[in-house]
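K.L.:
Structure file entry_18.tsv (TSV, C-alpha atoms) right here:
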chain	number	residue	atom	x	y	z
A	11	SER	CA	5.24	-10.12	-4.65
A	12	GLN	CA	3.81	-7.01	-6.19
A	13	THR	CA	4.61	-3.58	-4.81
A	14	ILE	CA	3.58	-0.09	-5.77
A	15	HIS	CA	5.46	3.10	-5.02
A	16	GLN	CA	4.69	6.73	-5.64
A	17	TRP	CA	6.60	9.94	-5.00
A	18	PRO	CA	7.06	12.55	-3.83
A	19	ALA	CA	5.20	12.01	-0.56
A	20	THR	CA	4.62	15.68	0.11
A	21	LEU	CA	4.93	18.81	-1.94
A	22	VAL	CA	3.97	22.44	-1.63
A	23	GLN	CA	3.67	24.27	-4.92
A	24	PRO	CA	2.68	27.81	-5.91
A	25	VAL	CA	-0.31	28.41	-8.15
A	26	GLY	CA	0.70	28.25	-11.79
A	27	SER	CA	3.67	25.95	-11.24
A	28	PRO	CA	3.99	22.53	-12.93
A	29	LEU	CA	3.41	19.18	-11.27
A	30	SER	CA	4.74	15.70	-11.76
A	31	LEU	CA	3.80	12.74	-9.57
A	32	GLU	CA	5.25	9.38	-10.41
A	33	CYS	CA	4.06	5.87	-9.68
A	34	THR	CA	5.75	2.57	-10.41
A	35	VAL	CA	4.61	-1.00	-9.92
A	36	GLU	CA	6.88	-4.00	-9.49
A	37	GLY	CA	6.22	-7.70	-9.67
A	38	THR	CA	3.48	-7.66	-12.27
A	39	SER	CA	3.13	-6.97	-15.95
A	40	ASN	CA	0.52	-5.02	-17.90
A	41	PRO	CA	-1.30	-3.82	-14.78
A	42	ASN	CA	-4.37	-1.60	-14.87
A	43	LEU	CA	-3.22	1.60	-13.16
A	44	TYR	CA	-5.20	4.42	-11.58
A	45	TRP	CA	-4.82	7.92	-10.17
A	46	TYR	CA	-7.25	8.94	-7.44
A	47	ARG	CA	-7.56	12.18	-5.53
A	48	GLN	CA	-9.11	12.91	-2.19
A	49	ALA	CA	-9.91	16.58	-1.77
A	50	ALA	CA	-10.98	17.99	1.60
A	51	GLY	CA	-14.42	16.72	2.60
A	52	ARG	CA	-14.79	14.51	-0.43
A	53	GLY	CA	-14.48	10.84	-1.23
A	54	LEU	CA	-11.82	9.28	-3.39
A	55	GLN	CA	-12.31	10.52	-6.93
A	56	LEU	CA	-10.96	8.63	-9.92
A	57	LEU	CA	-8.94	10.96	-12.13
A	58	PHE	CA	-7.33	8.70	-14.72
A	59	TYR	CA	-6.89	5.05	-15.47
A	60	SER	CA	-4.72	3.16	-17.90
A	61	VAL	CA	-4.97	-0.37	-19.24
A	62	GLY	CA	-1.66	-0.28	-21.10
A	63	ILE	CA	1.26	1.76	-22.40
A	64	GLY	CA	0.07	5.00	-23.95
A	65	GLN	CA	-3.58	4.27	-23.09
A	66	ILE	CA	-5.12	6.86	-20.79
A	67	SER	CA	-8.77	7.36	-19.89
A	68	SER	CA	-9.82	10.53	-18.13
A	69	GLU	CA	-12.76	10.48	-15.78
A	70	VAL	CA	-12.88	14.14	-14.83
A	71	PRO	CA	-12.12	17.15	-17.04
A	72	GLN	CA	-9.46	19.26	-15.37
A	73	ASN	CA	-6.05	20.80	-15.90
A	74	LEU	CA	-4.32	17.54	-14.98
A	75	SER	CA	-3.00	14.96	-17.41
A	76	ALA	CA	-1.59	11.47	-17.12
A	77	SER	CA	0.88	9.45	-19.12
A	78	ARG	CA	2.05	5.87	-19.17
A	79	PRO	CA	5.43	5.83	-20.87
A	80	GLN	CA	6.31	2.32	-19.67
A	81	ASP	CA	4.29	-0.74	-18.70
A	82	ARG	CA	4.73	-0.23	-14.97
A	83	GLN	CA	5.04	3.55	-14.79
A	84	PHE	CA	2.18	6.01	-14.45
A	85	ILE	CA	2.71	9.75	-14.23
A	86	LEU	CA	0.31	12.51	-13.21
A	87	SER	CA	1.15	15.97	-14.46
A	88	SER	CA	-0.02	19.52	-14.69
A	89	LYS	CA	1.42	22.45	-16.60
A	90	LYS	CA	-0.15	25.05	-14.28
A	91	LEU	CA	-1.52	24.15	-10.88
A	92	LEU	CA	-4.70	25.65	-9.47
A	93	LEU	CA	-5.62	26.08	-5.82
A	94	SER	CA	-8.33	23.47	-6.33
A	95	ASP	CA	-5.68	20.88	-7.22
A	96	SER	CA	-4.70	20.62	-3.57
A	97	GLY	CA	-5.42	17.22	-2.12
A	98	PHE	CA	-4.12	13.74	-1.47
A	99	TYR	CA	-3.24	11.78	-4.59
A	100	LEU	CA	-3.15	8.01	-4.66
A	101	CYS	CA	-1.86	5.71	-7.35
A	102	ALA	CA	-3.31	2.21	-7.45
A	103	TRP	CA	-3.29	-0.97	-9.47
A	104	TRP	CA	-6.09	-3.44	-9.89
A	105	SER	CA	-6.04	-7.16	-9.25
A	106	GLY	CA	-9.56	-7.97	-8.13
A	107	GLU	CA	-9.23	-5.16	-5.61
A	108	LEU	CA	-7.25	-1.95	-5.55
A	109	PHE	CA	-3.71	-1.89	-4.18
A	110	PHE	CA	-2.66	1.65	-3.33
A	111	GLY	CA	0.64	3.46	-3.21
A	112	GLU	CA	1.74	5.51	-0.23
A	113	GLY	CA	0.07	8.69	-1.43
A	114	SER	CA	1.25	12.21	-2.27
A	115	ARG	CA	-0.06	15.22	-0.40
A	116	LEU	CA	-0.14	18.29	-2.63
A	117	THR	CA	-0.71	21.76	-1.25
A	118	VAL	CA	-1.09	24.54	-3.77
A	119	LEU	CA	-0.60	28.02	-2.34
B	3	ILE	CA	-23.03	9.72	-11.28
B	4	LEU	CA	-23.47	6.86	-8.81
B	5	ASN	CA	-24.43	7.73	-5.24
B	6	VAL	CA	-22.52	5.86	-2.55
B	7	GLU	CA	-23.29	7.11	0.92
B	8	GLN	CA	-21.62	6.21	4.18
B	9	SER	CA	-22.90	6.96	7.64
B	10	PRO	CA	-22.02	8.18	10.08
B	11	GLN	CA	-19.30	10.48	8.79
B	12	SER	CA	-17.36	10.08	12.03
B	13	LEU	CA	-17.69	7.97	15.12
B	14	HIS	CA	-16.08	7.97	18.56
B	15	VAL	CA	-16.20	4.61	20.35
B	16	GLN	CA	-14.86	3.53	23.71
B	17	GLU	CA	-12.26	0.80	23.66
B	18	GLY	CA	-13.93	-2.56	24.12
B	19	ASP	CA	-17.29	-1.46	22.72
B	20	SER	CA	-18.69	-2.85	19.50
B	21	THR	CA	-19.77	-0.62	16.66
B	22	ASN	CA	-21.14	-0.68	13.15
B	23	PHE	CA	-21.60	1.66	10.24
B	24	THR	CA	-23.38	1.69	6.93
B	25	CYS	CA	-22.70	1.95	3.24
B	26	SER	CA	-25.63	2.49	0.89
B	27	PHE	CA	-25.35	2.12	-2.88
B	28	PRO	CA	-27.57	1.78	-5.95
B	29	SER	CA	-29.59	-1.44	-5.85
B	30	SER	CA	-29.52	-1.87	-9.63
B	31	ASN	CA	-26.65	-3.09	-11.82
B	32	PHE	CA	-24.73	-4.42	-8.82
B	33	TYR	CA	-21.41	-6.15	-9.42
B	34	ALA	CA	-19.37	-5.86	-6.21
B	35	LEU	CA	-18.94	-3.93	-3.01
B	36	HIS	CA	-15.52	-3.34	-1.48
B	37	TRP	CA	-14.56	-2.23	2.01
B	38	TYR	CA	-11.19	-0.57	2.57
B	39	ARG	CA	-9.49	0.53	5.78
B	40	TRP	CA	-7.37	3.67	5.61
B	41	GLU	CA	-5.14	4.23	8.60
B	42	THR	CA	-3.41	7.55	9.14
B	43	ALA	CA	-0.08	7.80	7.32
B	44	LYS	CA	-0.76	4.59	5.42
B	45	SER	CA	-2.41	3.56	2.17
B	46	PRO	CA	-5.96	2.23	2.01
B	47	GLU	CA	-6.06	-1.56	2.21
B	48	ALA	CA	-8.88	-3.84	1.17
B	49	LEU	CA	-10.81	-5.52	3.96
B	50	PHE	CA	-13.53	-7.29	2.03
B	51	VAL	CA	-14.67	-7.85	-1.53
B	52	MET	CA	-18.34	-8.78	-1.53
B	53	THR	CA	-20.22	-9.98	-4.57
B	54	LEU	CA	-23.29	-12.00	-3.55
B	55	ASN	CA	-26.50	-10.86	-1.90
B	56	GLY	CA	-26.48	-12.15	1.66
B	57	ASP	CA	-22.67	-12.37	1.74
B	58	GLU	CA	-21.14	-12.25	5.19
B	59	LYS	CA	-17.39	-11.85	5.46
B	60	LYS	CA	-15.25	-11.89	8.57
B	61	LYS	CA	-11.66	-11.00	9.36
B	62	GLY	CA	-10.83	-11.27	13.04
B	63	ARG	CA	-13.10	-8.90	14.94
B	64	ILE	CA	-14.36	-7.19	11.79
B	65	SER	CA	-17.23	-8.49	9.73
B	66	ALA	CA	-19.45	-7.21	6.94
B	67	THR	CA	-22.83	-8.04	5.50
B	68	LEU	CA	-24.30	-7.27	2.11
B	69	ASN	CA	-27.86	-6.69	0.91
B	70	THR	CA	-27.84	-5.99	-2.82
B	71	LYS	CA	-31.63	-5.91	-3.17
B	72	GLU	CA	-31.99	-2.95	-0.86
B	73	GLY	CA	-28.55	-1.50	-1.55
B	74	TYR	CA	-26.69	-1.50	1.74
B	75	SER	CA	-23.75	-3.07	3.51
B	76	TYR	CA	-22.88	-2.98	7.20
B	77	LEU	CA	-19.41	-3.15	8.68
B	78	TYR	CA	-19.21	-4.41	12.27
B	79	ILE	CA	-16.31	-4.19	14.67
B	80	LYS	CA	-16.53	-6.26	17.81
B	81	GLY	CA	-14.62	-5.23	20.93
B	82	SER	CA	-13.00	-2.14	19.38
B	83	GLN	CA	-9.28	-1.65	19.93
B	84	PRO	CA	-7.16	1.49	19.42
B	85	GLU	CA	-5.63	-0.06	16.29
B	86	ASP	CA	-9.09	-0.08	14.70
B	87	SER	CA	-8.95	3.72	14.50
B	88	ALA	CA	-9.05	4.52	10.79
B	89	THR	CA	-11.27	5.75	8.00
B	90	TYR	CA	-13.38	2.96	6.54
B	91	LEU	CA	-14.26	3.36	2.87
B	92	CYS	CA	-16.78	1.44	0.87
B	93	ALA	CA	-16.68	1.30	-2.90
B	94	PHE	CA	-19.37	0.15	-5.30
B	95	ILE	CA	-18.74	-1.46	-8.65
B	96	ASP	CA	-21.56	-1.58	-11.15
B	97	SER	CA	-22.15	-4.30	-13.67
B	98	GLY	CA	-19.42	-2.98	-15.93
B	99	GLY	CA	-17.11	-4.86	-13.57
B	100	GLY	CA	-13.86	-3.01	-14.14
B	101	ALA	CA	-12.15	-0.84	-11.57
B	102	ASP	CA	-12.95	2.22	-13.66
B	103	GLY	CA	-16.49	1.69	-12.40
B	104	LEU	CA	-15.47	1.75	-8.73
B	105	THR	CA	-17.24	4.60	-6.89
B	106	PHE	CA	-16.12	5.41	-3.36
B	107	GLY	CA	-18.12	6.79	-0.46
B	108	LYS	CA	-16.68	9.58	1.64
B	109	GLY	CA	-15.83	7.18	4.43
B	110	THR	CA	-16.57	6.74	8.12
B	111	HIS	CA	-13.83	8.11	10.34
B	112	LEU	CA	-13.62	5.87	13.41
B	113	ILE	CA	-11.79	6.94	16.55
B	114	ILE	CA	-11.36	4.45	19.37
B	115	GLN	CA	-10.94	6.14	22.72
B	116	PRO	CA	-8.94	4.29	25.40
With the file now loaded, output its structure as structure tokens.
P.N.:
Amino acid sequence: SQTIHQWPATLVQPVGSPLSLECTVEGTSNPNLYWYRQAAGRGLQLLFYSVGIGQISSEVPQNLSASRPQDRQFILSSKKLLLSDSGFYLCAWWSGELFFGEGSRLTVL
Amino acid sequence: ILNVEQSPQSLHVQEGDSTNFTCSFPSSNFYALHWYRWETAKSPEALFVMTLNGDEKKKGRISATLNTKEGYSYLYIKGSQPEDSATYLCAFIDSGGGADGLTFGKGTHLIIQP
């Protein structure tokens, strides 16, 4: 069966520091992968999606970036975090519906 | 930007009572409507994927209806139990069909009080 994992689960970072969140999927090949964010008081916002290795589409301009170095690996990064980057980040893959990872709570201080 | 609205934002219900809440979405270019349940400390999980006007789906005590012509879906919970406490998200997909077109509402936060 397919599983999706993301880490770390929680992190507290100072403004201006870098970020790397990682997501991996098992049990499927060539999945469509997604990064969502839920900021306080807002709905789930699509940040990036990828339909294959090296293929990244950005939905929202921001200081975040995403990469897909391997078929089942999706990474969310930032070189310099802003306070507004705080939120709950979810990785997901699509198979007729979205299957979500466990989530990563980021607090930028 | 697609407008997907959920109401109410939060809801307190006594255990054993039934409840319902609403998702409204654009009535044009409809492709699908998803409902997800997001329990605390867990990931969101899909409850229903609805594609046809007039669809009614049921899973145990939870059911959903869909009206694509007027752009709304209702989620019903019969005989609420503490384990139903969660945030319920709806997500609209327009006729593009891919998950990149999936727009989420802000959710209804349901608390079941014993």
K.L.:
Find the residues around Glu41 (chain B) up to 12 Å (only C-alpha atoms counted), leave out those fewer than 6 positions away in its own chain, and share them as a compact mmCIF listing (two decimals) with C-alpha atoms, keeping the file's coordinate frame.
P.N.:
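Result went into around.txt, see below:
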# COMPACT_ATOMS: atom_id res chain seq x y z
CA GLU A 112 1.74 5.51 -0.23
CA GLU B 47 -6.06 -1.56 2.21
CA ALA B 48 -8.88 -3.84 1.17
CA PRO B 84 -7.16 1.49 19.42
CA GLU B 85 -5.63 -0.06 16.29
CA ASP B 86 -9.09 -0.08 14.70
CA SER B 87 -8.95 3.72 14.50
CA ALA B 88 -9.05 4.52 10.79
CA THR B 89 -11.27 5.75 8.00
CA TYR B 90 -13.38 2.96 6.54
CA LEU B 91 -14.26 3.36 2.87
CA GLY B 109 -15.83 7.18 4.43
CA THR B 110 -16.57 6.74 8.12
CA HIS B 111 -13.83 8.11 10.34
CA LEU B 112 -13.62 5.87 13.41
CA ILE B 113 -11.79 6.94 16.55
K.L.:
Based on only C-alpha atoms, which of the residues in chain A come within 6 Å of chain B? I want them as JSON, numbers by chain.
P.N.:
{"A": [52, 53, 54, 110, 112]}
K.L.:
What's the separation between CA of Trp103 (chain A) and CA of Cys25 (chain B), in Å to one decimal place?
P.N.:
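Value for the CA of Trp103 (chain A)-CA of Cys25 (chain B) distance: 23.4 Å.
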K.L.:
May I ask which of the residues A:Ala19, A:Tyr59, A:Ala49, A:Gly106 is the closest one to Leu35 (chain B), counting only C-alpha atoms?
P.N.:
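For Leu35 (chain B), the nearest of the given residues is A:Gly106.
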K.L.:
Within 10 Å of (1.2, 5.0, -21.0) (coordinates as in the file), grab all the protein and nucleic acid residues, counting all atoms listed in the file, and write them out as a list of chain:residue names.
P.N.:
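The answer, in the requested form, is A:Leu43, A:Tyr59, A:Ser60, A:Val61, A:Gly62, A:Ile63, A:Gly64, A:Gln65, A:Ile66, A:Ala76, A:Ser77, A:Arg78, A:Pro79, A:Gln80, A:Asp81, A:Arg82, A:Gln83, A:Phe84, A:Ile85.
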K.L.:
For a quick check of understanding, using all atoms listed in the file, which of A:Leu100, A:Val70, A:Leu116, A:Ile14 has the smallest distance to Val35 (chain A)?
P.N.:
A:Ile14
K.L.:
Which is closest to Ala34 (chain B) among B:Asn22, B:Gly98, B:Gln83, B:Ile114, if we use all atoms listed in the file?
P.N.:
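That would be B:Gly98, the residue with the smallest distance to Ala34 (chain B).
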K.L.:
Have a look at CA of Ala66 (chain B) and CA of Lys80 (chain B) and let me know their distance in Å, one decimal.
P.N.:
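CA of Ala66 (chain B) sits 11.3 Å away from CA of Lys80 (chain B).
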K.L.:
Write out as a list in words the residues lying within 8 Å of Trp17 (chain A), counting all atoms listed in the file and excluding same-chain residues fewer than 3 positions away.
P.N.:
Thr20, Leu31, Glu32, Cys33, Gly113 and Ser114 of chain A
K.L.:
Any idea what the distance is between CA of Phe23 (chain B) and CA of Tyr74 (chain B)?
P.N.:
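So the answer is 10.4 Å.
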K.L.:
When distances are computed from all atoms listed in the file, which of A:Thr13, A:Ala50, A:Val22, A:Ser88 shows the smallest separation from Leu108 (chain A)?
P.N.:
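Answer, going by the shortest atom-to-atom distance: A:Thr13.
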